[in-house]
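Novice: Have a look at this one before I ask anything.
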Amino acid sequence: MAAGTEGSLSTGPETAFRLRNVRQEKSGRVLLRDIDLVIPRGRITVLLGSSGAGKTSLLRLLNRLDDPATGEIAYLDRSLDEYPVTELRRRVGFVFQTPIMFAGSVHDNLREAAEIAGLDEQELPERAREALELAGLDLALEDRPSHELSVGEQQRATLARTLIGDPEVLLLDEPTSALDPESSEFLLDSIRRLRAERGITVLLSTHRHYEAEAIADEAVRLSGGAVEESGEAADVLA
Amino acid sequence: MSWPNVAGVMRANAAGANVAGANETLSAPSLQQGLGQAVGGLEPEILQSPILGLSWLDLAAASGLVLLAVGLSRWQRLGLTGSLIVGAIRSVVQLALVGYVLVYIFEIDQWWLVLGALAVMLSVAAREAVRRQEERPLRLYGMTGLALLVGSGFTLFYVSLVVVRIEPWYNPRYLIPLFGMIVGNAMNAAALAHERLAAELRSRRGEVEAYLALGATAARASRGPTRSALRAALIPTVNSLMVVGLVALPGMMTGQILAGVSPLLAIRYQIVVMFMLASAVSVSAVIVVLWNRRLFFTPDEQLRLGSGPV
């Protein structure tokens with residue numbers, strides 16, 4: 001990624017991410033092309049597209065699990081590579097499509113995340129409870145070995161693990177794809193609450209139109225690695 | 001049974017002794033004869049037996065055993081006949097060369113020549129350890145070589161100067177075989193550790209990236225895979241400590257016994273060898289894994305493992 005592009009990337013106060021001319025490829029295959037996007041701050045933006053449209057590839061760029069082949073990405077008016085990468089990732093949390101728990105109990109998972117986020121040991125019980133509540137995971141499950149949890153519970157536990165560090169942005173990759181309708185609705189509720197109570201910026205990918213309608217403030221329709229349409233959810237999803 | 005200080009015994013050996021009862025067909029005075037005589041003065045039960053020499057004619061007779069294997073391979077159409085014959089010829093040629101090189105090094109008896117031989121052994125071991133890996137960036141050779149140098153060098157230094165206390169410090173009769181065992185085992189451990197680290201990072205990619213996504217450093221994110229890789233590299237050595245002498249007699253000890261050394265001395269050397277290998281293997285594996293781990297990550301803490309998003 002090109003550095004020192006601050007001047008050309010000036011954005012308004014309401015912008016979380018700005019992507020310019022972003023292209024991503026891997027092993028010679030083009031995953032994303034000509035991406036120009038503004039992701040507003042404090043809102044829920046849904047990335048809509050079928051599998052292979054580039055949703056995951058795009059999310060991975062935003063907390064720098066990958067860097068784009070070309071193009072520029074800025075977060076809060078600063079190019080991504082101007083942030084120390086571990087700091088950026090603490091501020092921009094990422095919940096994967098398939099929940100991956102670390103070894104041990106749910107509590108052990110939260111402790112790992114809290115340590116990485118640099119929290120004090122004394123803060124842990126309070127922050128763990130908060131994160132579990134926000135993620136909507138039954139507090140009684142905290143001491144359960146993580147492999148005994150259902151996929152839906154694991155999804156919530158990984159969400160809590162990401163939330164414990166108090167990120168400003170939450171990237172959620174198809175968070176409901178492994179869940180039944182009831183759990184999905186429950187998770188979407190938690191996400192709405194996160195935005196309302198914490199003012200958190202949410203980027204959520206899904207291939208389900210009705211899900212996008214249920215939760216999106218803004219929407220981006222991806223197809224074949226390119227942006228087809230983006231803007232207010234009501235316009236894009238109409 | 002009395003157990004005199006092993007180091008003392010070995011030091012006495014190192015001083016060297018006249019060839020007594022040597023078989024005429026062996027040209028260089030053997031380690032074992034030296035051992036036998038020096039020890040004989042200290043401990044009556046540790047006595048040497050005369051060594052039965054092997055002539056080239058005896059070796060020709062031994063080749064009959066390879067021919068038996070060749071015959072079986074042909075009979076069962078294993079397609080291994082050619083390889084068996086080439087392999088047999090190669091063993092003769094390679095071992096003969098090594099034998100002559102060793103005799104030459106022993107006779108010249110100069111520190112620079114001994115160190116040169118150790119350096120060659122080390123670089124061959126590093127190359128072999130890297131050759132077994134699927135991906136081998138150029139840096140891997142240097143890093144693996146350095147890891148083997150530290151792990152093996154430290155162990156050789158400790159064994160030769162503190163335990164056996166050989167004289168002179170570069171005595172090739174000790175340094176070369178000891179280093180051969182050390183570096184050979186360190187090489188296997190290094191290769192295994194690196195290979196396993198790569199495999200663990202690949203199969204646990206999701207977990208590693210979940211750590212990275214939380215803002216963890218590469219070191220923290222790869223803690224689990226690192227531990228698994230190190231365990232895999234050390235387990236063969238730990239197991240060999242457990243079963244040594246029960247399942248099979250170790251090669252070095254067997255060699256000493258065949259060459260006429262009392263089993264009571266041979267086991268002391270074997271004990272030193274077992275401990276020495278535990279050290280060489282652990283140090284080399286730890287260094288290889290901790291250094292080479294960085295190769296799997298970019299400077300920006302991104303996992304670098306071939307293709308595709310998760």
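If you're wondering about the labels, chains in the structure tokens are A, B, ... by order shown, residues count from 1 in each chain, ligands from 1 in order shown.
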For Val202 (chain A), list every protein, DNA or RNA residue within 10 Å, evaluated using only C-alpha atoms, and leave out those in the same chain fewer than 4 positions away; present the list as a PDB file with N, CA and C atoms, in the first residue's frame.
Specialist:
```pdb
ATOM      1  N   ALA A  16     -15.613   6.537   8.339  1.00  0.00           N
ATOM      2  CA  ALA A  16     -14.710   5.615   9.024  1.00  0.00           C
ATOM      3  C   ALA A  16     -13.630   5.172   8.036  1.00  0.00           C
ATOM      4  N   ILE A  39     -17.127   4.225   3.902  1.00  0.00           N
ATOM      5  CA  ILE A  39     -17.896   3.539   4.937  1.00  0.00           C
ATOM      6  C   ILE A  39     -18.107   4.533   6.078  1.00  0.00           C
ATOM      7  N   PRO A  40     -19.367   4.934   6.326  1.00  0.00           N
ATOM      8  CA  PRO A  40     -19.600   5.969   7.345  1.00  0.00           C
ATOM      9  C   PRO A  40     -19.374   5.450   8.759  1.00  0.00           C
ATOM     10  N   ARG A  41     -19.079   6.391   9.618  1.00  0.00           N
ATOM     11  CA  ARG A  41     -18.779   6.064  11.012  1.00  0.00           C
ATOM     12  C   ARG A  41     -20.062   5.941  11.817  1.00  0.00           C
ATOM     13  N   GLY A  42     -20.068   4.991  12.762  1.00  0.00           N
ATOM     14  CA  GLY A  42     -21.189   4.888  13.685  1.00  0.00           C
ATOM     15  C   GLY A  42     -22.455   4.327  13.061  1.00  0.00           C
ATOM     16  N   ARG A  43     -22.349   3.723  11.905  1.00  0.00           N
ATOM     17  CA  ARG A  43     -23.541   3.176  11.267  1.00  0.00           C
ATOM     18  C   ARG A  43     -23.306   1.702  10.931  1.00  0.00           C
ATOM     19  N   ILE A  44     -24.373   1.051  10.538  1.00  0.00           N
ATOM     20  CA  ILE A  44     -24.256  -0.349  10.126  1.00  0.00           C
ATOM     21  C   ILE A  44     -24.273  -0.411   8.607  1.00  0.00           C
ATOM     22  N   THR A  45     -23.146  -0.846   8.047  1.00  0.00           N
ATOM     23  CA  THR A  45     -23.061  -0.994   6.601  1.00  0.00           C
ATOM     24  C   THR A  45     -23.062  -2.478   6.269  1.00  0.00           C
ATOM     25  N   VAL A  46     -23.917  -2.863   5.349  1.00  0.00           N
ATOM     26  CA  VAL A  46     -23.982  -4.278   4.980  1.00  0.00           C
ATOM     27  C   VAL A  46     -23.338  -4.473   3.615  1.00  0.00           C
ATOM     28  N   VAL A  92     -10.053  -2.126  15.207  1.00  0.00           N
ATOM     29  CA  VAL A  92     -10.952  -2.648  14.175  1.00  0.00           C
ATOM     30  C   VAL A  92     -11.090  -4.157  14.381  1.00  0.00           C
ATOM     31  N   GLY A  93     -12.119  -4.556  15.116  1.00  0.00           N
ATOM     32  CA  GLY A  93     -12.289  -5.975  15.441  1.00  0.00           C
ATOM     33  C   GLY A  93     -12.874  -6.749  14.279  1.00  0.00           C
ATOM     34  N   GLU A 168     -13.521   0.115  18.007  1.00  0.00           N
ATOM     35  CA  GLU A 168     -14.348   1.196  17.451  1.00  0.00           C
ATOM     36  C   GLU A 168     -15.160   0.680  16.273  1.00  0.00           C
ATOM     37  N   VAL A 169     -14.597  -0.324  15.610  1.00  0.00           N
ATOM     38  CA  VAL A 169     -15.242  -0.877  14.422  1.00  0.00           C
ATOM     39  C   VAL A 169     -15.380  -2.378  14.615  1.00  0.00           C
ATOM     40  N   LEU A 170     -16.455  -2.920  14.090  1.00  0.00           N
ATOM     41  CA  LEU A 170     -16.662  -4.353  14.144  1.00  0.00           C
ATOM     42  C   LEU A 170     -16.886  -4.865  12.724  1.00  0.00           C
ATOM     43  N   LEU A 171     -16.008  -5.747  12.282  1.00  0.00           N
ATOM     44  CA  LEU A 171     -16.177  -6.381  10.975  1.00  0.00           C
ATOM     45  C   LEU A 171     -16.771  -7.756  11.220  1.00  0.00           C
ATOM     46  N   LEU A 172     -17.910  -8.026  10.626  1.00  0.00           N
ATOM     47  CA  LEU A 172     -18.574  -9.318  10.857  1.00  0.00           C
ATOM     48  C   LEU A 172     -18.763 -10.009   9.517  1.00  0.00           C
ATOM     49  N   ILE A 191     -26.286  -6.699  17.527  1.00  0.00           N
ATOM     50  CA  ILE A 191     -25.508  -5.778  16.702  1.00  0.00           C
ATOM     51  C   ILE A 191     -26.154  -4.383  16.690  1.00  0.00           C
ATOM     52  N   ARG A 192     -27.471  -4.360  16.602  1.00  0.00           N
ATOM     53  CA  ARG A 192     -28.176  -3.072  16.668  1.00  0.00           C
ATOM     54  C   ARG A 192     -27.892  -2.368  17.999  1.00  0.00           C
ATOM     55  N   LEU A 194     -25.281  -2.726  19.864  1.00  0.00           N
ATOM     56  CA  LEU A 194     -23.886  -2.278  19.883  1.00  0.00           C
ATOM     57  C   LEU A 194     -23.755  -0.904  19.256  1.00  0.00           C
ATOM     58  N   ARG A 195     -24.449  -0.736  18.130  1.00  0.00           N
ATOM     59  CA  ARG A 195     -24.377   0.559  17.469  1.00  0.00           C
ATOM     60  C   ARG A 195     -25.047   1.617  18.335  1.00  0.00           C
ATOM     61  N   ALA A 216     -29.499  -2.983   7.926  1.00  0.00           N
ATOM     62  CA  ALA A 216     -28.560  -2.042   7.311  1.00  0.00           C
ATOM     63  C   ALA A 216     -29.015  -0.591   7.394  1.00  0.00           C
ATOM     64  N   ASP A 217     -28.041   0.313   7.687  1.00  0.00           N
ATOM     65  CA  ASP A 217     -28.242   1.735   7.465  1.00  0.00           C
ATOM     66  C   ASP A 217     -27.760   2.061   6.048  1.00  0.00           C
TER      67      ASP A 217
END
```
Novice: Give me the residues of chain A that have any atom at most 7 Å from an atom of chain B; for each, the nearest atom pair and the distance in Å, rounded to one decimal. Use only C-alpha atoms, sort by chain and number, and format it as JSON lines.
Specialist:
```
{"residue": "A:Lys26", "atom": "CA", "partner": "B:Ser307", "partner_atom": "CA", "distance": 6.3}
{"residue": "A:Ser27", "atom": "CA", "partner": "B:Ser307", "partner_atom": "CA", "distance": 6.2}
{"residue": "A:Ser57", "atom": "CA", "partner": "B:Pro309", "partner_atom": "CA", "distance": 6.4}
{"residue": "A:Leu65", "atom": "CA", "partner": "B:Gln302", "partner_atom": "CA", "distance": 5.6}
{"residue": "A:Asp66", "atom": "CA", "partner": "B:Gln302", "partner_atom": "CA", "distance": 6.7}
{"residue": "A:Val85", "atom": "CA", "partner": "B:Asp300", "partner_atom": "CA", "distance": 6.3}
{"residue": "A:Thr86", "atom": "CA", "partner": "B:Gly215", "partner_atom": "CA", "distance": 4.2}
{"residue": "A:Glu87", "atom": "CA", "partner": "B:Gly215", "partner_atom": "CA", "distance": 6.4}
{"residue": "A:Arg89", "atom": "CA", "partner": "B:Gly215", "partner_atom": "CA", "distance": 4.7}
{"residue": "A:Arg90", "atom": "CA", "partner": "B:Gly215", "partner_atom": "CA", "distance": 5.0}
{"residue": "A:Gly93", "atom": "CA", "partner": "B:Leu214", "partner_atom": "CA", "distance": 6.4}
{"residue": "A:Phe94", "atom": "CA", "partner": "B:Ala213", "partner_atom": "CA", "distance": 6.0}
{"residue": "A:Ile100", "atom": "CA", "partner": "B:Glu207", "partner_atom": "CA", "distance": 6.1}
{"residue": "A:Phe102", "atom": "CA", "partner": "B:Glu207", "partner_atom": "CA", "distance": 6.9}
{"residue": "A:Ala113", "atom": "CA", "partner": "B:Leu214", "partner_atom": "CA", "distance": 6.7}
{"residue": "A:Ile116", "atom": "CA", "partner": "B:Ala216", "partner_atom": "CA", "distance": 5.7}
{"residue": "A:Thr162", "atom": "CA", "partner": "B:Leu214", "partner_atom": "CA", "distance": 6.6}
```
Novice: Go ahead and write the selection's residues with C-alpha atoms as a CSV table (one decimal), in the first residue's frame.
Specialist:
```
chain,number,residue,atom,x,y,z
A,26,LYS,CA,-4.2,-13.8,-5.0
A,27,SER,CA,-2.3,-16.4,-7.0
A,57,SER,CA,-11.5,-10.3,0.8
A,65,LEU,CA,-5.1,-9.4,7.7
A,66,ASP,CA,-4.2,-8.7,4.0
A,85,VAL,CA,-0.8,-2.8,12.8
A,86,THR,CA,-1.5,-4.4,16.2
A,87,GLU,CA,-3.1,-1.1,17.4
A,89,ARG,CA,-6.5,-4.5,14.8
A,90,ARG,CA,-7.4,-3.7,18.3
A,93,GLY,CA,-12.3,-6.0,15.4
A,94,PHE,CA,-13.0,-8.9,13.1
A,100,ILE,CA,-12.7,-20.4,16.0
A,102,PHE,CA,-9.0,-20.8,21.5
A,113,ALA,CA,-8.3,-11.3,24.2
A,116,ILE,CA,-3.8,-8.9,23.9
A,162,THR,CA,-13.7,-9.3,20.0
```
Novice: Report the distance between CA of Asn21 (chain A) and CA of Val236 (chain A) in Å, rounded to one decimal place.
Specialist: 20.9 Å
Novice: Quick one: residues within 8 Å of Ala280 (chain B), only C-alpha atoms counted, chain neighbours fewer than 2 positions away excluded, as a VMD selection string?
Specialist: chain B and resid 151 to 152 154 to 155 182 to 183 185 to 186 276 to 278 282 to 284
Novice: Run DSSP on the backbone and give me the residues of region 9-228 of chain A it puts in alpha helix (DSSP H), as JSON, numbers by chain.
Specialist: {"A": [55, 56, 57, 58, 59, 60, 61, 62, 85, 86, 87, 88, 89, 90, 91, 106, 107, 108, 109, 110, 111, 112, 113, 114, 115, 116, 124, 125, 126, 127, 128, 129, 130, 131, 132, 133, 134, 135, 151, 152, 153, 154, 155, 156, 157, 158, 159, 160, 161, 162, 163, 181, 182, 183, 184, 185, 186, 187, 188, 189, 190, 191, 192, 193, 194, 195, 196, 197, 198, 209, 210, 211, 212, 213, 214, 215]}
Novice: So that I can see what lies close to region 224-233 of chain A, please list as an mmCIF file with C-alpha atoms, in the first residue's frame the residues with an atom at most 9 Å from it, counting only C-alpha atoms and leaving out residues fewer than 5 positions away in the same chain.
Specialist:
```cif
data_model
loop_
_atom_site.group_PDB
_atom_site.id
_atom_site.type_symbol
_atom_site.label_atom_id
_atom_site.label_comp_id
_atom_site.auth_asym_id
_atom_site.auth_seq_id
_atom_site.Cartn_x
_atom_site.Cartn_y
_atom_site.Cartn_z
ATOM 1 C CA ARG A 23 -7.556 -3.994 -6.243
ATOM 2 C CA GLN A 24 -6.824 -7.333 -4.646
ATOM 3 C CA VAL A 30 -8.518 -10.993 -9.204
ATOM 4 C CA LEU A 31 -10.593 -10.866 -6.002
ATOM 5 C CA LEU A 32 -11.442 -7.164 -5.909
ATOM 6 C CA ARG A 33 -11.215 -4.492 -8.565
ATOM 7 C CA ASP A 34 -11.739 -0.726 -8.788
ATOM 8 C CA ILE A 35 -13.180 -0.466 -5.311
ATOM 9 C CA ASP A 36 -14.054 3.118 -4.407
ATOM 10 C CA LEU A 37 -16.051 3.245 -1.210
ATOM 11 C CA VAL A 38 -16.837 5.362 1.791
ATOM 12 C CA THR A 45 -23.061 -0.994 6.601
ATOM 13 C CA VAL A 46 -23.982 -4.278 4.980
ATOM 14 C CA GLY A 49 -23.197 -10.326 -2.476
ATOM 15 C CA SER A 50 -23.171 -13.966 -3.389
ATOM 16 C CA GLY A 52 -17.157 -15.278 -4.307
ATOM 17 C CA ALA A 53 -18.283 -11.661 -4.723
ATOM 18 C CA GLY A 54 -15.316 -10.471 -2.650
ATOM 19 C CA LYS A 55 -16.979 -9.765 0.705
ATOM 20 C CA SER A 57 -11.501 -10.304 0.780
ATOM 21 C CA LEU A 58 -12.737 -6.765 1.368
ATOM 22 C CA ALA A 212 -29.566 -6.703 4.936
ATOM 23 C CA GLU A 213 -33.024 -5.136 4.959
ATOM 24 C CA ALA A 216 -28.560 -2.042 7.311
ATOM 25 C CA ASP A 217 -28.242 1.735 7.465
ATOM 26 C CA GLU A 218 -26.000 1.645 4.427
ATOM 27 C CA ALA A 219 -25.498 -1.079 1.870
ATOM 28 C CA ALA A 238 -34.979 -1.297 -3.122
#
```
Novice: Which polymer residues have any atom within 9 Å of an atom of Ser146 (chain A), counting only C-alpha atoms, with same-chain residues fewer than 2 positions away left out, as an MDAnalysis selection string?
Specialist: chainID A and resid 101:109 141:144 148:150 154 157
Novice: Those residues you just picked out, can you put them in a file as a PDB file, in the first residue's frame with N, CA and C atoms?
Specialist:
```pdb
ATOM      1  N   MET A 101     -12.636 -20.952  18.304  1.00  0.00           N
ATOM      2  CA  MET A 101     -12.353 -20.718  19.714  1.00  0.00           C
ATOM      3  C   MET A 101     -10.924 -21.125  20.028  1.00  0.00           C
ATOM      4  N   PHE A 102     -10.303 -20.412  20.959  1.00  0.00           N
ATOM      5  CA  PHE A 102      -9.003 -20.839  21.455  1.00  0.00           C
ATOM      6  C   PHE A 102      -9.230 -21.960  22.472  1.00  0.00           C
ATOM      7  N   ALA A 103      -8.135 -22.607  22.873  1.00  0.00           N
ATOM      8  CA  ALA A 103      -8.253 -23.707  23.829  1.00  0.00           C
ATOM      9  C   ALA A 103      -8.784 -23.186  25.165  1.00  0.00           C
ATOM     10  N   GLY A 104      -9.423 -24.075  25.930  1.00  0.00           N
ATOM     11  CA  GLY A 104      -9.884 -23.714  27.263  1.00  0.00           C
ATOM     12  C   GLY A 104     -11.348 -23.304  27.272  1.00  0.00           C
ATOM     13  N   SER A 105     -11.713 -22.614  28.339  1.00  0.00           N
ATOM     14  CA  SER A 105     -13.114 -22.217  28.512  1.00  0.00           C
ATOM     15  C   SER A 105     -13.388 -20.897  27.792  1.00  0.00           C
ATOM     16  N   VAL A 106     -14.655 -20.503  27.810  1.00  0.00           N
ATOM     17  CA  VAL A 106     -15.018 -19.194  27.272  1.00  0.00           C
ATOM     18  C   VAL A 106     -14.233 -18.117  28.024  1.00  0.00           C
ATOM     19  N   HIS A 107     -14.131 -18.281  29.319  1.00  0.00           N
ATOM     20  CA  HIS A 107     -13.395 -17.310  30.125  1.00  0.00           C
ATOM     21  C   HIS A 107     -11.925 -17.226  29.689  1.00  0.00           C
ATOM     22  N   ASP A 108     -11.324 -18.387  29.419  1.00  0.00           N
ATOM     23  CA  ASP A 108      -9.930 -18.387  28.945  1.00  0.00           C
ATOM     24  C   ASP A 108      -9.801 -17.610  27.637  1.00  0.00           C
ATOM     25  N   ASN A 109     -10.805 -17.784  26.778  1.00  0.00           N
ATOM     26  CA  ASN A 109     -10.804 -17.050  25.513  1.00  0.00           C
ATOM     27  C   ASN A 109     -10.854 -15.544  25.755  1.00  0.00           C
ATOM     28  N   LEU A 141     -22.428 -19.767  30.761  1.00  0.00           N
ATOM     29  CA  LEU A 141     -21.549 -20.559  29.889  1.00  0.00           C
ATOM     30  C   LEU A 141     -20.080 -20.170  30.021  1.00  0.00           C
ATOM     31  N   GLU A 142     -19.805 -19.157  30.832  1.00  0.00           N
ATOM     32  CA  GLU A 142     -18.449 -18.601  30.837  1.00  0.00           C
ATOM     33  C   GLU A 142     -17.373 -19.624  31.190  1.00  0.00           C
ATOM     34  N   ASP A 143     -17.701 -20.548  32.074  1.00  0.00           N
ATOM     35  CA  ASP A 143     -16.679 -21.511  32.485  1.00  0.00           C
ATOM     36  C   ASP A 143     -16.756 -22.825  31.714  1.00  0.00           C
ATOM     37  N   ARG A 144     -17.624 -22.871  30.740  1.00  0.00           N
ATOM     38  CA  ARG A 144     -17.782 -24.078  29.917  1.00  0.00           C
ATOM     39  C   ARG A 144     -16.602 -24.204  28.949  1.00  0.00           C
ATOM     40  N   GLU A 148     -17.537 -27.388  23.923  1.00  0.00           N
ATOM     41  CA  GLU A 148     -18.861 -27.913  24.260  1.00  0.00           C
ATOM     42  C   GLU A 148     -19.985 -26.978  23.817  1.00  0.00           C
ATOM     43  N   LEU A 149     -19.606 -25.795  23.335  1.00  0.00           N
ATOM     44  CA  LEU A 149     -20.626 -24.829  22.919  1.00  0.00           C
ATOM     45  C   LEU A 149     -21.184 -25.184  21.538  1.00  0.00           C
ATOM     46  N   SER A 150     -22.432 -24.797  21.308  1.00  0.00           N
ATOM     47  CA  SER A 150     -22.986 -24.950  19.967  1.00  0.00           C
ATOM     48  C   SER A 150     -22.350 -23.895  19.062  1.00  0.00           C
ATOM     49  N   GLN A 154     -20.751 -20.407  20.086  1.00  0.00           N
ATOM     50  CA  GLN A 154     -19.354 -20.081  19.756  1.00  0.00           C
ATOM     51  C   GLN A 154     -19.288 -18.757  18.995  1.00  0.00           C
ATOM     52  N   ALA A 157     -19.557 -16.186  21.491  1.00  0.00           N
ATOM     53  CA  ALA A 157     -18.346 -16.133  22.312  1.00  0.00           C
ATOM     54  C   ALA A 157     -17.221 -15.417  21.556  1.00  0.00           C
TER      55      ALA A 157
END
```
Novice: Quick one: DSSP strand (DSSP E) residues in region 51-219 of chain A, as a list of chain:residue names?
Specialist: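 Here are the strand (DSSP E) residues of region 51-219 of chain A: A:Thr70, A:Gly71, A:Glu72, A:Ile73, A:Ala74, A:Tyr75, A:Arg78, A:Ser79, A:Val92, A:Gly93, A:Phe94, A:Val95, A:Val169, A:Leu170, A:Leu171, A:Leu172, A:Asp173, A:Thr201, A:Val202, A:Leu203, A:Leu204, A:Ser205, A:Thr206, A:Glu218, A:Ala219.
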Novice: One decimal, in Å: what's the spacing between CA of Ala214 (chain A) and CA of Leu163 (chain A)?
Specialist: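 Computed distance, CA of Ala214 (chain A) to CA of Leu163 (chain A), equals 22.2 Å.
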